[in-house]
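Text of start16.csv (CSV, C-alpha atoms) as supplied:
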chain,number,residue,atom,x,y,z
A,1,MET,CA,13.1,12.3,-19.5
A,2,CYS,CA,14.7,14.0,-16.5
A,3,SER,CA,16.8,17.0,-17.6
A,4,THR,CA,19.2,16.7,-14.7
A,5,CYS,CA,20.3,13.1,-14.8
A,6,GLY,CA,18.8,11.9,-18.1
A,7,CYS,CA,16.8,9.2,-16.4
A,8,SER,CA,13.9,7.9,-18.3
A,9,ASP,CA,12.2,6.0,-15.5
A,10,ARG,CA,8.8,7.5,-15.1
A,11,THR,CA,8.1,5.9,-11.8
A,12,SER,CA,11.3,7.2,-10.2
A,13,ILE,CA,11.5,10.1,-7.8
A,14,HIS,CA,14.7,11.9,-8.2
A,15,PHE,CA,17.1,13.4,-5.7
A,16,HIS,CA,18.1,16.6,-7.4
A,17,GLU,CA,18.8,18.6,-4.3
A,18,ALA,CA,21.9,16.4,-3.9
A,19,HIS,CA,22.9,16.8,-7.5
A,20,GLU,CA,22.6,20.5,-7.2
A,21,ALA,CA,24.4,20.7,-3.9
A,22,ASN,CA,27.2,18.8,-5.5
A,23,HIS,CA,27.2,20.8,-8.7
A,24,SER,CA,27.3,24.1,-6.8
A,25,ASP,CA,30.4,22.8,-5.0
A,26,GLU,CA,32.2,22.4,-8.3
A,27,GLY,CA,34.5,25.3,-9.1
A,28,SER,CA,33.7,27.1,-5.9
A,29,GLY,CA,37.3,26.8,-4.8
A,30,ALA,CA,36.4,24.9,-1.7
A,31,ASP,CA,39.0,22.5,-0.4
A,32,SER,CA,38.3,19.2,-2.2
A,33,SER,CA,39.2,17.2,0.9
A,34,GLN,CA,36.2,18.8,2.7
A,35,THR,CA,33.8,18.5,-0.2
A,36,ALA,CA,31.2,15.9,-0.2
A,37,ARG,CA,31.1,14.0,-3.5
A,38,ILE,CA,28.4,11.8,-4.9
A,39,VAL,CA,29.3,8.5,-6.5
A,40,ARG,CA,26.6,7.1,-8.8
A,41,LEU,CA,26.6,3.4,-8.4
A,42,GLU,CA,23.4,2.1,-10.0
A,43,GLN,CA,24.5,-1.3,-8.6
A,44,ASP,CA,22.2,-4.2,-8.2
A,45,ILE,CA,22.3,-5.2,-4.5
A,46,LEU,CA,22.2,-8.8,-5.4
A,47,ALA,CA,24.9,-8.4,-8.0
A,48,LYS,CA,27.5,-10.4,-6.0
A,49,ASN,CA,25.0,-13.3,-5.6
A,50,ALA,CA,24.2,-13.1,-9.3
A,51,SER,CA,27.8,-13.3,-10.3
A,52,ILE,CA,28.4,-16.3,-8.1
A,53,ALA,CA,25.2,-17.9,-9.5
A,54,ALA,CA,26.5,-17.3,-13.0
A,55,ARG,CA,29.7,-19.1,-12.1
A,56,ASN,CA,27.8,-22.0,-10.6
A,57,ARG,CA,25.7,-22.2,-13.8
A,58,GLN,CA,28.8,-22.4,-16.0
A,59,TRP,CA,30.4,-25.0,-13.7
A,60,LEU,CA,27.2,-27.1,-13.8
A,61,GLU,CA,26.9,-26.8,-17.6
A,62,GLU,CA,30.5,-27.9,-18.1
A,63,ARG,CA,29.7,-31.0,-16.2
A,64,ARG,CA,26.4,-31.5,-17.9
A,65,ILE,CA,24.6,-31.4,-14.6
A,66,LEU,CA,21.0,-30.3,-14.5
A,67,ALA,CA,20.3,-28.4,-11.3
A,68,ILE,CA,16.8,-28.0,-9.9
A,69,ASN,CA,16.0,-25.6,-7.0
A,70,VAL,CA,13.2,-27.1,-5.0
A,71,MET,CA,11.4,-24.6,-2.7
A,72,GLY,CA,8.3,-24.6,-0.6
A,73,SER,CA,6.9,-24.3,3.0
A,74,PRO,CA,8.2,-26.5,5.7
A,75,GLY,CA,6.2,-29.7,5.6
A,76,ALA,CA,5.1,-29.3,2.0
A,77,GLY,CA,6.7,-32.6,1.2
A,78,LYS,CA,9.9,-31.6,-0.6
A,79,THR,CA,12.0,-34.3,1.0
A,80,ALA,CA,9.3,-37.0,0.4
A,81,LEU,CA,9.2,-36.0,-3.2
A,82,LEU,CA,13.0,-36.2,-3.5
A,83,GLU,CA,13.1,-39.7,-1.8
A,84,ARG,CA,10.4,-41.0,-4.2
A,85,THR,CA,12.2,-39.4,-7.3
A,86,ILE,CA,15.6,-40.8,-6.3
A,87,ARG,CA,14.1,-44.3,-5.9
A,88,ALA,CA,12.3,-44.0,-9.2
A,89,PHE,CA,15.3,-43.0,-11.3
A,90,ALA,CA,17.4,-45.7,-9.5
A,91,GLY,CA,20.8,-44.2,-10.3
A,92,ALA,CA,20.2,-43.3,-14.0
A,93,PRO,CA,21.2,-40.5,-13.9
A,94,ALA,CA,23.2,-40.3,-10.7
A,95,MET,CA,21.4,-38.0,-8.3
A,96,LEU,CA,23.2,-35.4,-6.3
A,97,VAL,CA,21.4,-33.6,-3.5
A,98,VAL,CA,22.1,-30.4,-1.6
A,99,GLU,CA,19.9,-30.2,1.5
A,100,GLY,CA,19.3,-26.8,3.1
A,101,ASP,CA,17.9,-26.6,6.6
A,102,GLN,CA,18.4,-24.4,9.5
A,103,ALA,CA,19.6,-27.3,11.6
A,104,THR,CA,20.1,-31.1,11.8
A,105,ALA,CA,21.2,-33.6,9.1
A,106,ARG,CA,17.9,-35.5,9.2
A,107,ASP,CA,16.9,-34.8,5.6
A,108,ALA,CA,20.4,-35.8,4.4
A,109,GLY,CA,20.0,-39.1,6.2
A,110,ARG,CA,16.7,-39.7,4.4
A,111,ILE,CA,18.2,-38.9,1.0
A,112,VAL,CA,21.1,-41.3,1.5
A,113,GLN,CA,18.6,-44.0,2.5
A,114,ALA,CA,16.8,-43.4,-0.8
A,115,GLY,CA,19.9,-44.0,-2.8
A,116,ALA,CA,21.3,-40.7,-3.8
A,117,LYS,CA,24.9,-40.8,-5.2
A,118,ALA,CA,26.0,-38.0,-3.0
A,119,VAL,CA,24.5,-35.5,-0.6
A,120,VAL,CA,25.6,-32.4,1.2
A,121,GLN,CA,23.7,-31.0,4.1
A,122,ILE,CA,23.9,-27.2,4.6
A,123,ASN,CA,22.8,-25.9,7.9
A,124,THR,CA,22.1,-22.2,7.5
A,125,GLY,CA,21.8,-21.5,11.2
A,126,SER,CA,19.9,-18.2,11.5
A,127,GLY,CA,19.7,-18.0,7.7
A,128,CYS,CA,16.3,-18.4,6.0
A,129,HIS,CA,17.5,-19.3,2.5
A,130,LEU,CA,20.3,-20.7,0.4
A,131,ASP,CA,22.4,-18.4,-1.6
A,132,ALA,CA,24.8,-18.9,-4.6
A,133,ALA,CA,27.9,-18.9,-2.4
A,134,MET,CA,26.5,-21.7,-0.2
A,135,LEU,CA,25.7,-23.8,-3.3
A,136,SER,CA,29.2,-23.2,-4.7
A,137,ALA,CA,30.7,-24.4,-1.4
A,138,ALA,CA,28.4,-27.4,-1.3
A,139,VAL,CA,29.0,-28.6,-4.8
A,140,GLY,CA,32.7,-28.3,-4.1
A,141,LYS,CA,32.2,-31.0,-1.5
A,142,LEU,CA,30.2,-33.3,-3.7
A,143,ASP,CA,32.0,-35.8,-5.9
A,144,SER,CA,30.0,-34.6,-8.9
A,145,PRO,CA,30.1,-36.9,-11.8
A,146,MET,CA,29.3,-35.7,-15.3
A,147,ASP,CA,25.8,-36.2,-16.6
A,148,SER,CA,24.0,-36.1,-13.3
A,149,LEU,CA,20.9,-34.5,-11.8
A,150,LEU,CA,21.5,-32.1,-8.9
A,151,ILE,CA,18.5,-31.4,-6.7
A,152,ILE,CA,18.8,-28.5,-4.3
A,153,GLU,CA,16.3,-28.6,-1.5
A,154,ASN,CA,16.1,-25.1,-0.3
A,155,VAL,CA,15.2,-24.0,3.3
A,156,GLY,CA,11.5,-24.4,4.0
A,157,ASN,CA,10.2,-20.9,3.4
A,158,LEU,CA,8.0,-19.2,0.9
A,159,VAL,CA,9.6,-15.8,1.1
A,160,CYS,CA,13.4,-15.5,1.1
A,161,PRO,CA,14.6,-18.3,-1.2
A,162,ALA,CA,12.7,-16.7,-4.1
A,163,LEU,CA,15.1,-13.8,-4.2
A,164,PHE,CA,18.4,-15.7,-4.5
A,165,ASP,CA,19.5,-17.2,-7.8
A,166,LEU,CA,21.7,-20.2,-7.1
A,167,GLY,CA,22.7,-21.0,-10.7
A,168,GLU,CA,19.9,-23.5,-11.2
A,169,SER,CA,18.3,-24.5,-14.5
A,170,ALA,CA,14.8,-24.6,-13.1
A,171,ARG,CA,12.8,-23.6,-10.0
A,172,ILE,CA,10.1,-25.7,-8.5
A,173,VAL,CA,7.7,-24.7,-5.7
A,174,VAL,CA,6.2,-27.6,-3.8
A,175,MET,CA,2.9,-26.7,-2.2
A,176,SER,CA,0.6,-29.1,-0.4
A,177,VAL,CA,-3.2,-29.2,-0.4
A,178,THR,CA,-3.1,-28.8,3.4
A,179,GLU,CA,-1.8,-25.3,3.1
A,180,GLY,CA,-4.8,-23.4,1.7
A,181,GLU,CA,-5.6,-22.4,-1.9
A,182,ASP,CA,-4.4,-18.8,-1.6
A,183,LYS,CA,-0.7,-19.4,-1.0
A,184,PRO,CA,0.2,-18.2,-4.5
A,185,LEU,CA,-1.6,-14.9,-3.8
A,186,LYS,CA,0.0,-14.5,-0.4
A,187,TYR,CA,3.5,-15.3,-1.5
A,188,PRO,CA,3.5,-14.1,-5.1
A,189,ASN,CA,7.3,-13.7,-5.5
A,190,MET,CA,7.8,-17.4,-4.9
A,191,PHE,CA,5.2,-18.5,-7.5
A,192,ARG,CA,6.0,-15.7,-10.0
A,193,PHE,CA,9.6,-16.8,-10.4
A,194,ALA,CA,9.0,-20.6,-10.4
A,195,ASP,CA,8.9,-22.7,-13.5
A,196,MET,CA,6.7,-25.3,-12.0
A,197,MET,CA,4.4,-25.9,-9.0
A,198,ILE,CA,3.8,-29.3,-7.5
A,199,LEU,CA,0.6,-29.6,-5.7
A,200,ASN,CA,1.4,-32.4,-3.3
A,201,LYS,CA,-0.6,-34.6,-0.9
A,202,THR,CA,-3.5,-35.0,-3.3
A,203,ASP,CA,-4.3,-38.3,-1.5
A,204,LEU,CA,-5.6,-36.1,1.4
A,205,LEU,CA,-8.1,-34.3,-0.7
A,206,PRO,CA,-11.1,-36.4,0.4
A,207,TYR,CA,-10.5,-35.2,4.0
A,208,LEU,CA,-10.0,-31.5,3.2
A,209,GLN,CA,-12.0,-28.5,1.9
A,210,PHE,CA,-9.4,-27.7,-0.8
A,211,ASP,CA,-10.5,-26.3,-4.1
A,212,ILE,CA,-7.8,-27.3,-6.6
A,213,GLY,CA,-9.3,-25.3,-9.5
A,214,GLU,CA,-9.3,-22.2,-7.3
A,215,CYS,CA,-5.7,-22.8,-6.3
A,216,MET,CA,-4.6,-23.2,-9.9
A,217,ARG,CA,-6.4,-20.1,-10.9
A,218,TYR,CA,-4.6,-18.1,-8.2
A,219,ALA,CA,-1.3,-19.6,-9.3
A,220,HIS,CA,-1.9,-18.7,-12.9
A,221,GLN,CA,-2.9,-15.2,-12.0
A,222,VAL,CA,0.5,-14.7,-10.4
A,223,ASN,CA,2.4,-16.6,-13.1
A,224,PRO,CA,0.4,-17.5,-16.3
A,225,LYS,CA,3.3,-19.7,-17.5
A,226,LEU,CA,3.5,-21.8,-14.4
A,227,ALA,CA,3.3,-25.6,-15.1
A,228,ILE,CA,1.3,-27.4,-12.4
A,229,PHE,CA,1.4,-31.0,-11.4
A,230,GLN,CA,-0.9,-32.6,-8.9
A,231,LEU,CA,0.5,-35.6,-7.2
A,232,SER,CA,1.1,-37.4,-3.9
A,233,ALA,CA,4.7,-38.1,-3.0
A,234,ALA,CA,3.5,-40.2,-0.1
A,235,THR,CA,1.4,-42.7,-2.1
A,236,GLY,CA,3.1,-42.2,-5.5
A,237,GLU,CA,0.0,-41.3,-7.4
A,238,ASN,CA,0.4,-39.2,-10.6
A,239,LEU,CA,4.1,-39.0,-10.4
A,240,ASP,CA,4.6,-39.9,-14.1
A,241,ALA,CA,4.0,-36.3,-15.3
A,242,TRP,CA,6.7,-35.1,-12.9
A,243,TYR,CA,9.2,-37.7,-14.0
A,244,ALA,CA,8.4,-36.9,-17.7
A,245,TRP,CA,9.0,-33.2,-17.0
A,246,LEU,CA,12.3,-33.9,-15.3
A,247,ARG,CA,13.4,-36.1,-18.2
A,248,LYS,CA,12.5,-33.4,-20.6
A,249,GLN,CA,14.6,-30.9,-18.7
A,250,MET,CA,17.5,-33.3,-18.7
A,251,GLU,CA,17.5,-34.1,-22.4
A,252,PRO,CA,19.4,-31.1,-23.6
A,253,VAL,CA,21.8,-31.2,-20.7
A,254,VAL,CA,22.5,-34.6,-19.4
A,255,ARG,CA,23.9,-37.3,-21.7
A,256,LEU,CA,22.4,-40.6,-20.5
A,257,THR,CA,23.6,-44.0,-21.7
A,258,ASP,CA,21.6,-46.4,-19.5
A,259,PHE,CA,18.6,-44.1,-18.9
A,260,SER,CA,15.5,-46.1,-19.8
A,261,GLU,CA,11.8,-46.4,-19.1
A,262,THR,CA,12.7,-49.7,-17.3
A,263,ALA,CA,14.8,-48.0,-14.8
A,264,LEU,CA,12.0,-45.6,-14.1
A,265,SER,CA,9.2,-48.0,-13.8
A,266,SER,CA,11.2,-50.5,-11.6
A,267,GLY,CA,11.7,-47.9,-8.9
A,268,ARG,CA,8.2,-46.5,-8.8
B,1,MET,CA,14.1,-12.1,7.2
B,2,HIS,CA,16.5,-11.8,4.3
B,3,GLU,CA,16.8,-8.1,4.7
B,4,LEU,CA,19.7,-8.6,7.1
B,5,VAL,CA,21.7,-10.4,4.5
B,6,ILE,CA,20.7,-7.8,1.9
B,7,THR,CA,21.8,-4.9,4.2
B,8,GLN,CA,25.1,-6.6,4.8
B,9,ARG,CA,25.6,-6.8,1.0
B,10,ILE,CA,24.8,-3.1,0.7
B,11,VAL,CA,27.3,-2.2,3.4
B,12,GLU,CA,30.0,-4.4,1.8
B,13,ALA,CA,29.4,-2.8,-1.6
B,14,VAL,CA,29.5,0.7,-0.3
B,15,CYS,CA,32.6,0.1,1.8
B,16,GLU,CA,34.4,-1.1,-1.4
B,17,VAL,CA,33.5,2.2,-3.1
B,18,ALA,CA,34.2,4.4,-0.2
B,19,GLY,CA,37.7,3.2,0.7
B,20,GLU,CA,38.9,5.5,3.4
B,21,ALA,CA,36.3,8.2,2.8
B,22,ARG,CA,33.4,8.7,5.2
B,23,VAL,CA,30.0,7.8,3.9
B,24,ILE,CA,27.4,10.6,4.6
B,25,ARG,CA,24.5,9.2,2.7
B,26,VAL,CA,23.4,6.1,0.9
B,27,ARG,CA,20.5,6.1,-1.6
B,28,LEU,CA,18.7,3.0,-2.5
B,29,GLU,CA,15.9,2.1,-4.9
B,30,ILE,CA,13.6,-0.6,-3.9
B,31,GLY,CA,10.7,-1.7,-6.1
B,32,ASN,CA,7.4,-2.6,-4.6
B,33,LEU,CA,7.6,-6.1,-6.1
B,34,ALA,CA,11.3,-6.7,-5.0
B,35,GLY,CA,10.2,-8.7,-2.0
B,36,VAL,CA,12.2,-6.5,0.3
B,37,VAL,CA,10.7,-4.5,3.2
B,38,ALA,CA,12.2,-1.0,3.3
B,39,ASP,CA,11.6,-0.6,7.0
B,40,SER,CA,13.5,-3.8,7.7
B,41,ILE,CA,16.4,-2.5,5.7
B,42,ARG,CA,16.3,0.7,7.8
B,43,PHE,CA,16.3,-1.4,11.0
B,44,CYS,CA,19.2,-3.5,9.9
B,45,PHE,CA,21.2,-0.5,8.5
B,46,ASP,CA,22.1,0.9,11.9
B,47,LEU,CA,23.3,-2.5,13.1
B,48,CYS,CA,25.3,-3.4,10.0
B,49,THR,CA,27.0,0.0,9.7
B,50,ARG,CA,28.5,0.0,13.2
B,51,SER,CA,32.3,0.4,13.2
B,52,THR,CA,32.4,0.9,9.4
B,53,VAL,CA,32.9,4.0,7.3
B,54,LEU,CA,29.1,4.0,7.0
B,55,GLU,CA,28.5,4.5,10.7
B,56,GLY,CA,26.1,7.5,11.1
B,57,ALA,CA,25.4,7.7,7.4
B,58,ALA,CA,21.9,8.7,6.4
B,59,LEU,CA,19.9,6.1,4.5
B,60,GLN,CA,17.4,7.2,1.9
B,61,ILE,CA,15.2,4.7,0.3
B,62,HIS,CA,13.1,5.4,-2.8
B,63,GLU,CA,10.3,2.9,-3.2
B,64,VAL,CA,9.5,2.4,-6.8
B,65,ALA,CA,5.9,1.9,-7.8
B,66,ALA,CA,5.2,-1.3,-9.8
B,67,LEU,CA,4.3,-0.7,-13.4
B,68,ALA,CA,3.0,-3.3,-15.8
B,69,ARG,CA,1.9,-3.5,-19.5
B,70,CYS,CA,-1.0,-5.8,-20.5
B,71,HIS,CA,-0.3,-8.0,-23.5
B,72,SER,CA,-4.0,-8.4,-24.0
B,73,CYS,CA,-5.2,-4.8,-24.3
B,74,ASN,CA,-1.8,-3.0,-24.4
B,75,ALA,CA,-2.6,-0.8,-21.5
B,76,GLU,CA,0.0,0.3,-19.0
B,77,PHE,CA,-1.1,0.3,-15.4
B,78,LEU,CA,0.2,0.7,-11.8
B,79,VAL,CA,0.2,-2.6,-10.0
B,80,GLU,CA,-1.7,-1.8,-6.8
B,81,ASN,CA,-0.9,-5.1,-5.0
B,82,SER,CA,1.3,-8.0,-5.5
B,83,LEU,CA,-1.2,-9.5,-8.0
B,84,ALA,CA,-0.4,-7.9,-11.4
B,85,LEU,CA,-3.9,-8.0,-12.9
B,86,CYS,CA,-4.9,-5.6,-15.7
B,87,GLY,CA,-8.3,-3.8,-15.4
B,88,CYS,CA,-9.4,-5.8,-18.5
B,89,GLY,CA,-9.1,-9.0,-16.4
B,90,SER,CA,-6.0,-10.3,-18.1
B,91,ALA,CA,-3.1,-11.7,-16.1
B,92,ASN,CA,-0.9,-11.8,-19.2
B,93,VAL,CA,1.2,-8.8,-18.3
B,94,GLU,CA,4.8,-7.8,-18.4
B,95,ILE,CA,6.2,-6.1,-15.3
B,96,LEU,CA,8.0,-2.9,-16.4
B,97,ALA,CA,9.1,-1.6,-13.0
B,98,GLY,CA,8.9,-2.8,-9.4
B,99,HIS,CA,11.6,-5.3,-9.1
B,100,GLU,CA,14.4,-2.8,-8.5
B,101,LEU,CA,16.8,-3.5,-5.7
B,102,ARG,CA,19.6,-1.1,-6.4
B,103,ILE,CA,22.2,1.2,-4.7
B,104,LYS,CA,21.6,4.4,-6.6
B,105,GLU,CA,24.4,6.5,-5.2
B,106,VAL,CA,26.5,7.3,-2.2
B,107,GLU,CA,27.7,10.6,-0.8
B,108,LEU,CA,31.2,10.5,0.4
B,109,GLN,CA,33.4,12.9,2.3
B,110,ASN,CA,37.2,12.6,2.4
B,111,VAL,CA,38.6,12.4,5.9
Mind converting the file's structure to structure tokens?
Amino acid sequence: MCSTCGCSDRTSIHFHEAHEANHSDEGSGADSSQTARIVRLEQDILAKNASIAARNRQWLEERRILAINVMGSPGAGKTALLERTIRAFAGAPAMLVVEGDQATARDAGRIVQAGAKAVVQINTGSGCHLDAAMLSAAVGKLDSPMDSLLIIENVGNLVCPALFDLGESARIVVMSVTEGEDKPLKYPNMFRFADMMILNKTDLLPYLQFDIGECMRYAHQVNPKLAIFQLSAATGENLDAWYAWLRKQMEPVVRLTDFSETALSSGR
Amino acid sequence: MHELVITQRIVEAVCEVAGEARVIRVRLEIGNLAGVVADSIRFCFDLCTRSTVLEGAALQIHEVAALARCHSCNAEFLVENSLALCGCGSANVEILAGHELRIKEVELQNV
């Protein structure tokens, strides 16, 4: 343990010159208005985002809304997966969608066509991710009924969205088999903090040199607890496991009266 | 890319603490696994501090090495790259340090 500041962090290098400079000023009779003083903050830089995210989480819980943060590269198939899912659940529960893109309302248009109850498009402009304040403003605009599923489609990006808690219940990263097996190694933060990875576009596998086993190994090296589903949002193959996972996430949160297998299978 | 937003948050937080005082120095702690590039923060810092009480302040960044404990063999090891793999081959590890993203302290001078 450091004798100057009591810090027990072994990996930390300390700045004792500053402490000492400050200590030596104490009691020296120098004019306090001229004296530099050190204020220890120990403040998490993302604390403000974290507190807004906590508020979002509480707001969502009170309304029994399950919020899922969907992330991934541009073109991984996030919007296609949402369209397919919204059609499959066919309004039970009501689906709310927040769409994050740098520009245009194209994705929001697709989501409305698919039958979402409500959608808000956020255009981040120069921003590369959604943050908790953006989500807070967006859900304020949604007519959010109780007992619904909120899907947040983050800005297509494997780096920045990983850092910002929005107040979601679960994080999903969508990766497509056209991207290369080693994405989890190259963008570990994204995969480390995700609850689930969807390996999309499996219908293209016959035309690609993509080793699924290797990709899954890499993903589990970064995050041993990561659940992985292989599916094709375009053709609809193997979507059952994803729907079952979503249903399981909703069970403790969303109270569903008319939620049935029939509703699911009719929309598939 | 997100470093600009993060630097803006740092400047906001320090301005709140400083009030009318001039900020001479800001000390940050950034873990190697935090997903934030220290050089980008340095680049953004000059831009974000202009016309604030932080203008001209020195920025010191302490980069914290990533440390992990293996649940399979109980060894503690430094994480050399973003892949936290123990020497025994296990990926079942707990990160003990490396995710820090913190304002440690600020040095202020009354004006």
Residue nearest Arg27 of chain B - candidates B:Leu108, B:Ile103, B:Cys15, B:Ile10, atoms counted: all atoms listed in the file: B:Ile103
Two-atom distance - atom CA of His2 of chain B, atom CA of Gly156 of chain A (Å):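 Between these atoms lies a distance of 13.6 Å.
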Interface residues on chain B facing chain A, 6 Å, all atoms listed in the file, written as a ChimeraX atom specification: /B:2,83,91,101-110
Spatial neighbours of Asn56 of chain A, 12 Å, only C-alpha atoms, chain gap at least 6 places, as a PyMOL selection string: chain A and resi 49-50+62-63+65-67+131-140+165-169
Separation of atom CA of Val112 of chain A from atom CA of Glu99 of chain A in Å: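 Taking atom CA of Glu99 of chain A as the start and atom CA of Val112 of chain A as the end point, the length is 11.2 Å.
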One-decimal distance in Å that lies between atom CA of Ala233 of chain A and atom CA of Thr85 of chain A: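 We find that atom CA of Thr85 of chain A and atom CA of Ala233 of chain A lie 8.7 Å from each other.
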Distance query 10 Å from (15.6, -39.3, -10.1) using only C-alpha atoms, result as JSON, numbers by chain: {"A": [81, 82, 83, 84, 85, 86, 87, 88, 89, 90, 91, 92, 93, 94, 95, 96, 115, 116, 148, 149, 150, 151, 243, 246, 247, 263, 264, 267]}
For Phe193 of chain A, the nearest of the candidates A:Met216, A:Leu158, A:Val119, A:Ala76, counting all atoms listed in the file: A:Leu158
Among listed residues B:Ile24, B:Cys70, B:Thr52, B:Phe77, nearest Ser90 of chain B (using all atoms listed in the file): B:Cys70
Surrounding residues of Phe43 of chain B excluding itself and chain neighbours under 2 positions, 12 Å, all atoms listed in the file, as an MDAnalysis selection string: chainID B and resid 1 3:4 6:8 37:41 45:49 59
Incomplete segment 64-76 of chain A filled out to N, CA, C and O atoms as an mmCIF file, keeping the file's coordinate frame:
data_model
loop_
_atom_site.group_PDB
_atom_site.id
_atom_site.type_symbol
_atom_site.label_atom_id
_atom_site.label_comp_id
_atom_site.auth_asym_id
_atom_site.auth_seq_id
_atom_site.Cartn_x
_atom_site.Cartn_y
_atom_site.Cartn_z
ATOM 1 N N ARG A 64 27.689 -30.975 -17.443
ATOM 2 C CA ARG A 64 26.400 -31.500 -17.900
ATOM 3 C C ARG A 64 25.533 -31.954 -16.729
ATOM 4 O O ARG A 64 25.009 -33.064 -16.735
ATOM 5 N N ILE A 65 25.456 -31.104 -15.722
ATOM 6 C CA ILE A 65 24.600 -31.400 -14.600
ATOM 7 C C ILE A 65 23.402 -30.508 -14.595
ATOM 8 O O ILE A 65 23.537 -29.286 -14.706
ATOM 9 N N LEU A 66 22.232 -31.111 -14.526
ATOM 10 C CA LEU A 66 21.000 -30.300 -14.500
ATOM 11 C C LEU A 66 20.689 -30.026 -13.008
ATOM 12 O O LEU A 66 20.577 -30.948 -12.201
ATOM 13 N N ALA A 67 20.569 -28.752 -12.676
ATOM 14 C CA ALA A 67 20.300 -28.400 -11.300
ATOM 15 C C ALA A 67 18.887 -27.835 -11.128
ATOM 16 O O ALA A 67 18.466 -26.959 -11.879
ATOM 17 N N ILE A 68 18.168 -28.397 -10.184
ATOM 18 C CA ILE A 68 16.800 -28.000 -9.900
ATOM 19 C C ILE A 68 16.708 -27.454 -8.499
ATOM 20 O O ILE A 68 17.127 -28.136 -7.557
ATOM 21 N N ASN A 69 16.165 -26.269 -8.358
ATOM 22 C CA ASN A 69 16.000 -25.600 -7.000
ATOM 23 C C ASN A 69 14.589 -25.896 -6.543
ATOM 24 O O ASN A 69 13.631 -25.407 -7.124
ATOM 25 N N VAL A 70 14.478 -26.713 -5.497
ATOM 26 C CA VAL A 70 13.200 -27.100 -5.000
ATOM 27 C C VAL A 70 12.850 -26.263 -3.729
ATOM 28 O O VAL A 70 13.582 -26.322 -2.746
ATOM 29 N N MET A 71 11.783 -25.492 -3.806
ATOM 30 C CA MET A 71 11.400 -24.600 -2.700
ATOM 31 C C MET A 71 10.005 -24.932 -2.210
ATOM 32 O O MET A 71 9.279 -25.675 -2.855
ATOM 33 N N GLY A 72 9.619 -24.347 -1.091
ATOM 34 C CA GLY A 72 8.300 -24.600 -0.600
ATOM 35 C C GLY A 72 8.249 -24.413 0.942
ATOM 36 O O GLY A 72 9.299 -24.289 1.577
ATOM 37 N N SER A 73 7.054 -24.426 1.502
ATOM 38 C CA SER A 73 6.900 -24.300 3.000
ATOM 39 C C SER A 73 7.540 -25.463 3.675
ATOM 40 O O SER A 73 7.681 -26.537 3.092
ATOM 41 N N PRO A 74 7.842 -25.295 4.957
ATOM 42 C CA PRO A 74 8.200 -26.500 5.700
ATOM 43 C C PRO A 74 7.049 -27.441 5.773
ATOM 44 O O PRO A 74 5.901 -27.020 5.974
ATOM 45 N N GLY A 75 7.303 -28.691 5.522
ATOM 46 C CA GLY A 75 6.200 -29.700 5.600
ATOM 47 C C GLY A 75 5.417 -29.844 4.320
ATOM 48 O O GLY A 75 4.438 -30.591 4.297
ATOM 49 N N ALA A 76 5.824 -29.180 3.234
ATOM 50 C CA ALA A 76 5.100 -29.300 2.000
ATOM 51 C C ALA A 76 5.295 -30.658 1.324
ATOM 52 O O ALA A 76 4.505 -31.075 0.476
#
